[in-house]
$ cat data22.cif   # mmCIF, C-alpha atoms
data_run
#
loop_
_atom_site.label_atom_id
_atom_site.label_comp_id
_atom_site.auth_asym_id
_atom_site.auth_seq_id
_atom_site.Cartn_x
_atom_site.Cartn_y
_atom_site.Cartn_z
CA MET I 25 23.31 -2.95 -21.95
CA VAL I 26 20.14 -3.46 -19.88
CA LYS I 27 20.54 -0.05 -18.27
CA LEU I 28 21.01 1.58 -21.67
CA LEU I 29 17.86 -0.12 -22.95
CA SER I 30 15.94 1.05 -19.92
CA TYR I 31 16.27 4.74 -20.86
CA PRO I 32 13.82 4.80 -23.79
CA ILE I 33 11.52 2.25 -22.13
CA SER I 34 11.44 4.32 -18.94
CA ILE I 35 10.39 7.40 -20.92
CA VAL I 36 7.45 5.48 -22.37
CA TYR I 37 6.60 4.13 -18.92
CA TYR I 38 6.64 7.52 -17.20
CA LEU I 39 4.52 9.02 -19.97
CA CYS I 40 1.90 6.26 -19.60
CA PHE I 41 2.05 6.43 -15.80
CA PHE I 42 1.50 10.19 -15.77
CA LEU I 43 -1.28 10.09 -18.36
CA THR I 44 -3.04 7.38 -16.37
CA LEU I 45 -3.01 9.56 -13.24
CA VAL I 46 -4.24 12.58 -15.19
CA VAL I 47 -7.07 10.67 -16.89
CA PHE I 48 -8.32 9.07 -13.69
CA HIS I 49 -8.34 12.31 -11.69
CA PRO I 50 -11.57 13.68 -13.22
CA ILE I 51 -13.03 10.16 -13.33
CA GLN I 52 -12.55 9.91 -9.57
CA TRP I 53 -14.07 13.35 -9.06
CA VAL I 54 -17.19 12.48 -11.03
CA CYS I 55 -17.56 9.08 -9.34
CA PHE I 56 -17.13 10.51 -5.84
CA ASN I 57 -19.26 13.64 -6.21
CA TRP I 58 -22.05 12.26 -8.38
CA PHE I 59 -22.33 8.60 -7.38
CA GLY I 60 -20.68 8.24 -3.97
CA TYR I 61 -18.23 5.90 -2.29
CA SER I 62 -18.95 2.67 -4.18
CA ALA I 63 -18.45 4.26 -7.60
CA HIS I 64 -15.35 6.08 -6.41
CA LYS I 65 -13.87 2.85 -5.10
CA LYS I 66 -14.46 1.11 -8.44
CA SER I 67 -12.67 3.93 -10.24
CA VAL I 68 -9.75 3.63 -7.80
CA ASP I 69 -9.61 -0.14 -8.30
CA PHE I 70 -9.42 0.29 -12.05
CA LEU I 71 -6.73 2.93 -11.56
CA GLN I 72 -4.60 0.41 -9.66
CA TRP I 73 -5.09 -2.18 -12.40
CA SER I 74 -4.09 0.39 -15.01
CA LEU I 75 -0.93 1.31 -13.11
CA MET I 76 0.02 -2.36 -13.06
CA ARG I 77 -0.37 -2.45 -16.84
CA CYS I 78 1.93 0.58 -17.04
CA ALA I 79 4.53 -1.33 -15.03
CA ASN I 80 4.25 -4.21 -17.50
CA ILE I 81 5.90 -1.89 -20.04
CA LEU I 82 9.07 -2.28 -17.96
CA GLY I 83 8.72 -6.05 -18.02
CA THR I 84 7.47 -6.02 -14.44
CA ARG I 85 5.50 -9.06 -13.28
CA PHE I 86 3.34 -9.32 -10.16
CA THR I 87 2.59 -12.43 -8.12
CA PHE I 88 0.21 -12.44 -5.17
CA LYS I 89 0.39 -15.55 -2.99
CA ASN I 90 -2.49 -15.95 -0.56
CA PRO I 91 -3.41 -19.49 0.51
CA TYR I 92 -5.86 -18.19 3.13
CA GLU I 93 -9.57 -17.49 2.75
CA ILE I 94 -10.07 -14.06 4.30
CA GLU I 95 -13.72 -13.17 4.69
CA THR I 96 -14.97 -9.72 3.77
CA GLY I 97 -17.13 -7.62 6.08
CA GLN I 98 -14.57 -7.50 8.88
CA PRO I 99 -11.86 -4.95 9.70
CA LEU I 100 -8.33 -5.91 8.72
CA ILE I 101 -4.93 -4.53 9.63
CA ILE I 102 -2.58 -5.40 6.78
CA VAL I 103 1.03 -5.15 7.95
CA ALA I 104 3.79 -5.21 5.33
CA ASN I 105 7.38 -4.26 4.71
CA HIS I 106 7.90 -1.30 2.40
CA GLN I 107 10.32 -1.16 -0.53
CA SER I 108 8.89 1.39 -2.99
CA LEU I 109 5.71 3.06 -4.22
CA HIS I 110 5.31 -0.03 -6.41
CA ASP I 111 4.19 -1.87 -3.27
CA ILE I 112 1.07 0.21 -3.08
CA TYR I 113 -1.00 -0.09 -6.23
CA PRO I 114 -0.61 -3.89 -6.64
CA LEU I 115 -1.45 -4.45 -2.97
CA THR I 116 -4.50 -2.21 -3.36
CA TRP I 117 -5.60 -4.17 -6.42
CA PHE I 118 -5.05 -7.65 -5.01
CA MET I 119 -6.78 -6.79 -1.71
CA ARG I 120 -9.46 -4.63 -3.30
CA LYS I 121 -12.44 -6.61 -1.97
CA HIS I 122 -11.34 -5.61 1.56
CA HIS I 123 -11.28 -1.86 0.80
CA PRO I 124 -7.62 -1.17 1.71
CA LYS I 125 -6.83 2.28 3.15
CA PHE I 126 -3.35 3.62 3.78
CA ILE I 127 -1.52 5.67 6.37
CA SER I 128 0.40 8.16 4.23
CA LYS I 129 2.62 11.17 4.77
CA ILE I 130 0.70 14.42 4.56
CA GLU I 131 2.80 15.75 1.67
CA LEU I 132 1.16 13.24 -0.68
CA GLY I 133 -2.25 14.72 -0.01
CA LYS I 134 -1.80 17.49 -2.55
CA GLY I 135 -0.27 18.07 -5.96
CA ILE I 136 -0.35 14.54 -7.39
CA PRO I 137 -3.14 13.80 -9.89
CA SER I 138 -5.43 10.94 -8.80
CA VAL I 139 -3.19 9.93 -5.88
CA SER I 140 -3.77 13.03 -3.77
CA TYR I 141 -7.50 13.05 -4.51
CA ASN I 142 -7.89 9.43 -3.46
CA LEU I 143 -5.88 9.95 -0.28
CA ARG I 144 -8.03 12.94 0.71
CA HIS I 145 -11.40 11.41 -0.15
CA GLY I 146 -10.93 7.64 -0.09
CA GLY I 147 -10.47 7.08 3.66
CA ALA I 148 -6.69 7.31 4.09
CA ALA I 149 -4.91 8.86 7.08
CA LEU I 150 -2.59 11.74 6.18
CA ILE I 151 0.01 12.25 8.88
CA ASP I 152 2.81 14.71 9.55
CA ARG I 153 5.64 12.48 10.69
CA LYS I 154 7.37 15.42 12.41
CA ASN I 155 4.29 16.43 14.40
CA PRO I 156 2.97 13.85 16.89
CA ARG I 157 0.17 16.23 17.90
CA GLN I 158 -1.22 15.88 14.39
CA SER I 159 -0.21 12.35 13.46
CA LEU I 160 -1.37 10.45 16.55
CA PRO I 161 -4.95 11.81 16.55
CA ALA I 162 -5.09 11.24 12.77
CA ILE I 163 -4.17 7.57 13.23
CA MET I 164 -6.72 7.25 16.04
CA LYS I 165 -9.47 8.69 13.85
CA PHE I 166 -8.33 6.42 11.01
CA GLY I 167 -8.55 3.37 13.28
CA GLU I 168 -12.08 4.29 14.34
CA TYR I 169 -13.04 4.62 10.67
CA ILE I 170 -11.62 1.17 9.90
CA GLU I 171 -13.43 -0.42 12.84
CA THR I 172 -16.78 1.22 12.09
CA ASN I 173 -16.80 0.68 8.32
CA LYS I 174 -15.11 -2.76 8.25
CA ARG I 175 -12.29 -1.64 5.97
CA ALA I 176 -8.64 -2.75 5.77
CA ALA I 177 -5.94 -0.53 7.22
CA VAL I 178 -2.58 -0.92 5.49
CA ILE I 179 0.46 0.04 7.53
CA PHE I 180 4.17 -0.10 6.76
CA PRO I 181 5.71 -0.13 10.27
CA GLU I 182 9.25 0.49 9.00
CA GLY I 183 8.14 4.10 8.59
CA THR I 184 10.05 4.62 5.35
CA ARG I 185 11.03 2.63 2.30
CA SER I 186 13.95 0.23 2.20
CA LYS I 187 16.09 1.28 -0.76
CA ASN I 188 17.93 -2.04 -1.10
CA GLY I 189 15.37 -4.53 0.19
CA THR I 190 16.93 -4.85 3.64
CA PRO I 191 14.10 -4.37 6.15
CA LYS I 192 14.28 -1.67 8.79
CA PRO I 193 13.22 -2.15 12.42
CA PHE I 194 9.49 -1.80 12.99
CA GLN I 195 8.23 1.36 14.64
CA THR I 196 5.46 0.11 16.86
CA LYS I 197 3.49 3.24 17.85
CA GLY I 198 1.20 3.22 14.81
CA LEU I 199 0.45 -0.46 15.25
CA GLU I 200 -0.29 -0.01 18.93
CA ILE I 201 -2.81 2.73 18.17
CA LEU I 202 -4.52 0.65 15.49
CA PHE I 203 -4.68 -2.34 17.83
CA LYS I 204 -6.46 -0.14 20.38
CA LYS I 205 -8.85 1.49 17.91
CA VAL I 206 -9.62 -1.59 15.78
CA PRO I 207 -10.13 -4.27 18.48
CA SER I 208 -12.08 -6.66 16.23
CA ALA I 209 -9.40 -6.65 13.51
CA LEU I 210 -7.85 -9.59 11.75
CA ILE I 211 -4.11 -9.00 11.36
CA VAL I 212 -2.78 -9.91 7.91
CA PRO I 213 1.04 -9.95 7.61
CA VAL I 214 2.43 -9.56 4.08
CA SER I 215 6.01 -9.91 2.80
CA ILE I 216 6.90 -7.87 -0.29
CA ASN I 217 9.91 -8.73 -2.43
CA ASN I 218 11.77 -7.06 -5.28
CA SER I 219 9.86 -3.80 -5.66
CA TRP I 220 12.99 -1.90 -4.59
CA LYS I 221 14.63 -3.13 -7.79
CA MET I 222 12.37 -0.82 -9.76
CA TYR I 223 14.71 1.95 -8.53
CA LYS I 224 18.02 0.13 -8.58
CA TYR I 225 19.39 2.80 -10.94
CA GLY I 226 17.56 5.62 -9.16
CA LYS I 227 14.29 7.15 -10.30
CA PHE I 228 15.56 7.27 -13.88
CA PRO I 229 16.02 4.99 -15.66
CA MET I 230 13.76 2.36 -14.15
CA GLY I 231 14.77 -1.23 -13.47
CA LEU I 232 13.58 -3.70 -16.07
CA GLY I 233 12.15 -7.21 -15.84
CA ASN I 234 11.44 -7.32 -12.12
CA HIS I 235 9.20 -9.91 -10.51
CA ILE I 236 7.45 -8.31 -7.54
CA THR I 237 5.90 -10.81 -5.15
CA PHE I 238 3.42 -10.43 -2.30
CA THR I 239 3.19 -13.29 0.19
CA VAL I 240 0.29 -13.31 2.64
CA HIS I 241 0.98 -15.09 5.92
CA LYS I 242 -1.45 -16.69 8.34
CA PRO I 243 -3.97 -14.09 9.54
CA LEU I 244 -4.11 -13.54 13.30
CA LYS I 245 -7.15 -12.53 15.32
CA LEU I 246 -6.19 -9.48 17.36
CA SER I 247 -8.57 -10.34 20.20
CA THR I 248 -6.61 -13.51 20.98
CA PHE I 249 -3.51 -11.40 21.78
CA ALA I 250 -5.24 -8.84 23.99
CA LEU I 251 -2.83 -9.42 26.87
CA SER I 252 0.36 -9.84 24.85
CA GLN I 253 0.39 -7.33 22.01
CA GLU I 254 4.15 -6.91 22.26
CA SER I 255 4.62 -10.58 21.43
CA LEU I 256 2.10 -10.19 18.59
CA ILE I 257 4.12 -7.35 17.04
CA ASN I 258 7.34 -9.35 17.41
CA ASN I 259 5.63 -12.34 15.81
CA ILE I 260 4.41 -10.25 12.88
CA GLU I 261 7.78 -8.60 12.33
CA THR I 262 9.64 -11.93 12.46
CA THR I 263 7.21 -13.62 10.08
CA ILE I 264 7.38 -10.81 7.51
CA LYS I 265 11.17 -10.49 7.60
CA GLU I 266 11.78 -14.25 7.37
CA HIS I 267 10.24 -14.17 3.91
CA ILE I 268 12.10 -11.15 2.51
CA ASN I 269 14.89 -11.95 0.08
CA TYR I 270 17.77 -9.58 0.73
#
$ encode --input "data22.cif" --output "structure tokens"
Amino acid sequence: MVKLLSYPISIVYYLCFFLTLVVFHPIQWVCFNWFGYSAHKKSVDFLQWSLMRCANILGTRFTFKNPYEIETGQPLIIVANHQSLHDIYPLTWFMRKHHPKFISKIELGKGIPSVSYNLRHGGAALIDRKNPRQSLPAIMKFGEYIETNKRAAVIFPEGTRSKNGTPKPFQTKGLEILFKKVPSALIVPVSINNSWKMYKYGKFPMGLGNHITFTVHKPLKLSTFALSQESLINNIETTIKEHINY
């Protein structure tokens, strides 16, 4: 019965989702080209908020748990598990004061209203996963940008989404590069739960009534692990996975 009900609701959701992306595309263009980075960022923040409101049509709720006071004006490396695209816009919204930037596959850099424009102009790293000669220098350049501009790099070390919530082993190369290029970073581990349920029936219809949660764990100063980064990565991976419900 719930799946049957989700068909018409999903149609309304997808229509609103697509219209939101289309409307914000020219808004981003104007903000970026006429007023610069700050205006563009505000337009992107409001886009993320609007996408969350679209998800509310499906009965989706979002909870962000962060008991830690994380100061702005410092580079962050936000490390999280990855369950669906519905991880991205809420995390961007909730961490907006830190200017989150993503490492994304290069295919997303074109053809998607609003999303592709923001990835190309907002500070993201677009990588070709099949081409280390392109991806590794792109991540290095991205890390230098994060360090210089005091932004937040968001990385999903699993490399791809978990379709049933079960976490995949971390791929450490991207983290190792960021650790080298962002030496003053504060590491912020985040556990994400239940966003995979948005696609429990596939891409259509959508799952209804999901409660997506984001749990921020104790931030770690990278400089204190300079001689034991392997143990730092293991610590991060263990902490994140211990708080995933699967």
$ closest_residue --input "data22.cif" --among "I:Arg144, I:Asp69, I:Leu150, I:Ile179" --to "I:Glu131" --atoms "only C-alpha atoms"
I:Leu150
$ closest_residue --input "data22.cif" --among "I:Met25, I:Met76, I:Ile94, I:Leu199" --to "I:His122" --atoms "all atoms listed in the file"
I:Ile94
$ closest_atom_pairs --input "data22.cif" --of "stretch 217-265 of chain I" --to "stretch 200-204 of chain I" --cutoff "9 Å" --atoms "only C-alpha atoms" --output "JSON lines"
{"residue": "I:Leu246", "atom": "CA", "partner": "I:Phe203", "partner_atom": "CA", "distance": 7.3}
{"residue": "I:Ala250", "atom": "CA", "partner": "I:Phe203", "partner_atom": "CA", "distance": 9.0}
{"residue": "I:Gln253", "atom": "CA", "partner": "I:Glu200", "partner_atom": "CA", "distance": 8.0}
{"residue": "I:Glu254", "atom": "CA", "partner": "I:Glu200", "partner_atom": "CA", "distance": 8.9}
{"residue": "I:Ile257", "atom": "CA", "partner": "I:Glu200", "partner_atom": "CA", "distance": 8.8}
$ resolve_selection --input "data22.cif" --expression "the PyMOL selection byres ((chain I and resi 184-187) around 9)" --output "NGL selection string"
:I and (105-109 or 180-183 or 188-192 or 220-221 or 223-224)
$ write_last_selection --input "data22.cif" --atoms "C-alpha atoms" --output "short mmCIF file (atom, residue, chain, number, x, y, z; two decimals), keeping the file's coordinate frame"
data_model
loop_
_atom_site.label_atom_id
_atom_site.label_comp_id
_atom_site.auth_asym_id
_atom_site.auth_seq_id
_atom_site.Cartn_x
_atom_site.Cartn_y
_atom_site.Cartn_z
CA ASN I 105 7.38 -4.26 4.71
CA HIS I 106 7.90 -1.30 2.40
CA GLN I 107 10.32 -1.16 -0.53
CA SER I 108 8.89 1.39 -2.99
CA LEU I 109 5.71 3.06 -4.22
CA PHE I 180 4.17 -0.10 6.76
CA PRO I 181 5.71 -0.13 10.27
CA GLU I 182 9.25 0.49 9.00
CA GLY I 183 8.14 4.10 8.59
CA ASN I 188 17.93 -2.04 -1.10
CA GLY I 189 15.37 -4.53 0.19
CA THR I 190 16.93 -4.85 3.64
CA PRO I 191 14.10 -4.37 6.15
CA LYS I 192 14.28 -1.67 8.79
CA TRP I 220 12.99 -1.90 -4.59
CA LYS I 221 14.63 -3.13 -7.79
CA TYR I 223 14.71 1.95 -8.53
CA LYS I 224 18.02 0.13 -8.58
#
$ resolve_selection --input "data22.cif" --expression "the PyMOL selection byres ((chain I and resi 163) around 10)" --output "list in words"
Ile127, Ala148, Ala149, Leu150, Ile151, Gln158, Ser159, Leu160, Pro161, Ala162, Met164, Lys165, Phe166, Gly167, Glu168, Tyr169, Lys197, Gly198, Leu199, Ile201, Leu202 and Lys205 of chain I
$ closest_residue --input "data22.cif" --among "I:Cys78, I:Asn173, I:Ala63, I:Asp152" --to "I:His110" --atoms "only C-alpha atoms"
I:Cys78
$ resolve_selection --input "data22.cif" --expression "the PyMOL selection byres ((chain I and resi 262) around 12)" --output "ChimeraX atom specification"
/I:103-105,191-194,213-215,241,255-261,263-268
$ write_last_selection --input "data22.cif" --atoms "C-alpha atoms" --output "PDB file, in the frame of the given file"
ATOM      1  CA  VAL I 103       1.030  -5.150   7.950  1.00  0.00           C
ATOM      2  CA  ALA I 104       3.790  -5.210   5.330  1.00  0.00           C
ATOM      3  CA  ASN I 105       7.380  -4.260   4.710  1.00  0.00           C
ATOM      4  CA  PRO I 191      14.100  -4.370   6.150  1.00  0.00           C
ATOM      5  CA  LYS I 192      14.280  -1.670   8.790  1.00  0.00           C
ATOM      6  CA  PRO I 193      13.220  -2.150  12.420  1.00  0.00           C
ATOM      7  CA  PHE I 194       9.490  -1.800  12.990  1.00  0.00           C
ATOM      8  CA  PRO I 213       1.040  -9.950   7.610  1.00  0.00           C
ATOM      9  CA  VAL I 214       2.430  -9.560   4.080  1.00  0.00           C
ATOM     10  CA  SER I 215       6.010  -9.910   2.800  1.00  0.00           C
ATOM     11  CA  HIS I 241       0.980 -15.090   5.920  1.00  0.00           C
ATOM     12  CA  SER I 255       4.620 -10.580  21.430  1.00  0.00           C
ATOM     13  CA  LEU I 256       2.100 -10.190  18.590  1.00  0.00           C
ATOM     14  CA  ILE I 257       4.120  -7.350  17.040  1.00  0.00           C
ATOM     15  CA  ASN I 258       7.340  -9.350  17.410  1.00  0.00           C
ATOM     16  CA  ASN I 259       5.630 -12.340  15.810  1.00  0.00           C
ATOM     17  CA  ILE I 260       4.410 -10.250  12.880  1.00  0.00           C
ATOM     18  CA  GLU I 261       7.780  -8.600  12.330  1.00  0.00           C
ATOM     19  CA  THR I 263       7.210 -13.620  10.080  1.00  0.00           C
ATOM     20  CA  ILE I 264       7.380 -10.810   7.510  1.00  0.00           C
ATOM     21  CA  LYS I 265      11.170 -10.490   7.600  1.00  0.00           C
ATOM     22  CA  GLU I 266      11.780 -14.250   7.370  1.00  0.00           C
ATOM     23  CA  HIS I 267      10.240 -14.170   3.910  1.00  0.00           C
ATOM     24  CA  ILE I 268      12.100 -11.150   2.510  1.00  0.00           C
TER      25      ILE I 268
END
$ build_atoms --input "data22.cif" --residues "stretch 48-59 of chain I" --atoms "all heavy atoms" --output "mmCIF file, in the coordinates of the input"
data_model
loop_
_atom_site.group_PDB
_atom_site.id
_atom_site.type_symbol
_atom_site.label_atom_id
_atom_site.label_comp_id
_atom_site.auth_asym_id
_atom_site.auth_seq_id
_atom_site.Cartn_x
_atom_site.Cartn_y
_atom_site.Cartn_z
ATOM 1 N N PHE I 48 -7.459 9.576 -14.758
ATOM 2 C CA PHE I 48 -8.320 9.070 -13.690
ATOM 3 C C PHE I 48 -8.687 10.134 -12.658
ATOM 4 O O PHE I 48 -9.606 9.917 -11.857
ATOM 5 C CB PHE I 48 -7.654 7.875 -12.990
ATOM 6 C CG PHE I 48 -7.971 6.564 -13.639
ATOM 7 C CD1 PHE I 48 -7.144 6.048 -14.623
ATOM 8 C CD2 PHE I 48 -9.112 5.858 -13.289
ATOM 9 C CE1 PHE I 48 -7.444 4.841 -15.245
ATOM 10 C CE2 PHE I 48 -9.420 4.650 -13.897
ATOM 11 C CZ PHE I 48 -8.581 4.145 -14.883
ATOM 12 N N HIS I 49 -8.006 11.262 -12.662
ATOM 13 C CA HIS I 49 -8.340 12.310 -11.690
ATOM 14 C C HIS I 49 -9.780 12.802 -11.867
ATOM 15 O O HIS I 49 -10.571 12.766 -10.900
ATOM 16 C CB HIS I 49 -7.344 13.460 -11.776
ATOM 17 C CG HIS I 49 -7.470 14.423 -10.644
ATOM 18 N ND1 HIS I 49 -6.759 14.282 -9.468
ATOM 19 C CD2 HIS I 49 -8.246 15.535 -10.489
ATOM 20 C CE1 HIS I 49 -7.087 15.264 -8.640
ATOM 21 N NE2 HIS I 49 -7.989 16.040 -9.246
ATOM 22 N N PRO I 50 -10.174 13.256 -13.061
ATOM 23 C CA PRO I 50 -11.570 13.680 -13.220
ATOM 24 C C PRO I 50 -12.563 12.534 -13.102
ATOM 25 O O PRO I 50 -13.706 12.736 -12.671
ATOM 26 C CB PRO I 50 -11.602 14.307 -14.618
ATOM 27 C CG PRO I 50 -10.428 13.733 -15.334
ATOM 28 C CD PRO I 50 -9.392 13.515 -14.284
ATOM 29 N N ILE I 51 -12.138 11.324 -13.485
ATOM 30 C CA ILE I 51 -13.030 10.160 -13.330
ATOM 31 C C ILE I 51 -13.349 9.948 -11.858
ATOM 32 O O ILE I 51 -14.509 9.727 -11.477
ATOM 33 C CB ILE I 51 -12.385 8.899 -13.941
ATOM 34 C CG1 ILE I 51 -12.284 9.029 -15.460
ATOM 35 C CG2 ILE I 51 -13.179 7.648 -13.561
ATOM 36 C CD1 ILE I 51 -11.530 7.904 -16.131
ATOM 37 N N GLN I 52 -12.325 10.043 -11.007
ATOM 38 C CA GLN I 52 -12.550 9.910 -9.570
ATOM 39 C C GLN I 52 -13.482 11.010 -9.058
ATOM 40 O O GLN I 52 -14.386 10.749 -8.246
ATOM 41 C CB GLN I 52 -11.223 10.000 -8.807
ATOM 42 C CG GLN I 52 -10.373 8.758 -8.847
ATOM 43 C CD GLN I 52 -9.249 8.858 -7.828
ATOM 44 O OE1 GLN I 52 -9.489 8.839 -6.631
ATOM 45 N NE2 GLN I 52 -8.025 8.983 -8.315
ATOM 46 N N TRP I 53 -13.264 12.222 -9.522
ATOM 47 C CA TRP I 53 -14.070 13.350 -9.060
ATOM 48 C C TRP I 53 -15.547 13.118 -9.375
ATOM 49 O O TRP I 53 -16.420 13.300 -8.523
ATOM 50 C CB TRP I 53 -13.586 14.647 -9.705
ATOM 51 C CG TRP I 53 -14.245 15.869 -9.152
ATOM 52 C CD1 TRP I 53 -13.798 16.669 -8.132
ATOM 53 C CD2 TRP I 53 -15.499 16.434 -9.567
ATOM 54 N NE1 TRP I 53 -14.680 17.691 -7.885
ATOM 55 C CE2 TRP I 53 -15.747 17.576 -8.756
ATOM 56 C CE3 TRP I 53 -16.434 16.093 -10.539
ATOM 57 C CZ2 TRP I 53 -16.886 18.363 -8.903
ATOM 58 C CZ3 TRP I 53 -17.581 16.881 -10.683
ATOM 59 C CH2 TRP I 53 -17.787 17.996 -9.871
ATOM 60 N N VAL I 54 -15.807 12.731 -10.613
ATOM 61 C CA VAL I 54 -17.190 12.480 -11.030
ATOM 62 C C VAL I 54 -17.792 11.336 -10.218
ATOM 63 O O VAL I 54 -18.923 11.428 -9.712
ATOM 64 C CB VAL I 54 -17.257 12.163 -12.536
ATOM 65 C CG1 VAL I 54 -18.647 11.645 -12.917
ATOM 66 C CG2 VAL I 54 -16.919 13.403 -13.360
ATOM 67 N N CYS I 55 -17.048 10.250 -10.076
ATOM 68 C CA CYS I 55 -17.560 9.080 -9.340
ATOM 69 C C CYS I 55 -17.869 9.449 -7.886
ATOM 70 O O CYS I 55 -18.927 9.086 -7.347
ATOM 71 C CB CYS I 55 -16.547 7.943 -9.391
ATOM 72 S SG CYS I 55 -16.417 7.142 -11.001
ATOM 73 N N PHE I 56 -16.964 10.185 -7.255
ATOM 74 C CA PHE I 56 -17.130 10.510 -5.840
ATOM 75 C C PHE I 56 -18.267 11.508 -5.622
ATOM 76 O O PHE I 56 -19.104 11.331 -4.734
ATOM 77 C CB PHE I 56 -15.828 11.082 -5.277
ATOM 78 C CG PHE I 56 -15.884 11.425 -3.815
ATOM 79 C CD1 PHE I 56 -15.771 10.439 -2.845
ATOM 80 C CD2 PHE I 56 -16.067 12.738 -3.395
ATOM 81 C CE1 PHE I 56 -15.839 10.751 -1.492
ATOM 82 C CE2 PHE I 56 -16.140 13.065 -2.054
ATOM 83 C CZ PHE I 56 -16.023 12.069 -1.099
ATOM 84 N N ASN I 57 -18.305 12.559 -6.431
ATOM 85 C CA ASN I 57 -19.260 13.640 -6.210
ATOM 86 C C ASN I 57 -20.651 13.354 -6.760
ATOM 87 O O ASN I 57 -21.638 13.892 -6.250
ATOM 88 C CB ASN I 57 -18.722 14.942 -6.806
ATOM 89 C CG ASN I 57 -17.560 15.509 -6.001
ATOM 90 O OD1 ASN I 57 -17.752 16.100 -4.946
ATOM 91 N ND2 ASN I 57 -16.352 15.306 -6.489
ATOM 92 N N TRP I 58 -20.736 12.531 -7.780
ATOM 93 C CA TRP I 58 -22.050 12.260 -8.380
ATOM 94 C C TRP I 58 -22.654 10.937 -7.921
ATOM 95 O O TRP I 58 -23.874 10.817 -7.844
ATOM 96 C CB TRP I 58 -21.938 12.263 -9.903
ATOM 97 C CG TRP I 58 -21.695 13.609 -10.503
ATOM 98 C CD1 TRP I 58 -21.412 14.781 -9.837
ATOM 99 C CD2 TRP I 58 -21.698 13.944 -11.904
ATOM 100 N NE1 TRP I 58 -21.221 15.803 -10.724
ATOM 101 C CE2 TRP I 58 -21.399 15.331 -12.016
ATOM 102 C CE3 TRP I 58 -21.903 13.215 -13.068
ATOM 103 C CZ2 TRP I 58 -21.317 15.979 -13.232
ATOM 104 C CZ3 TRP I 58 -21.818 13.870 -14.293
ATOM 105 C CH2 TRP I 58 -21.532 15.241 -14.376
ATOM 106 N N PHE I 59 -21.809 9.951 -7.633
ATOM 107 C CA PHE I 59 -22.330 8.600 -7.380
ATOM 108 C C PHE I 59 -21.927 8.025 -6.023
ATOM 109 O O PHE I 59 -22.426 6.969 -5.639
ATOM 110 C CB PHE I 59 -21.877 7.657 -8.495
ATOM 111 C CG PHE I 59 -22.286 8.106 -9.868
ATOM 112 C CD1 PHE I 59 -21.364 8.655 -10.742
ATOM 113 C CD2 PHE I 59 -23.604 7.996 -10.279
ATOM 114 C CE1 PHE I 59 -21.732 9.080 -12.014
ATOM 115 C CE2 PHE I 59 -23.999 8.409 -11.547
ATOM 116 C CZ PHE I 59 -23.063 8.964 -12.417
#
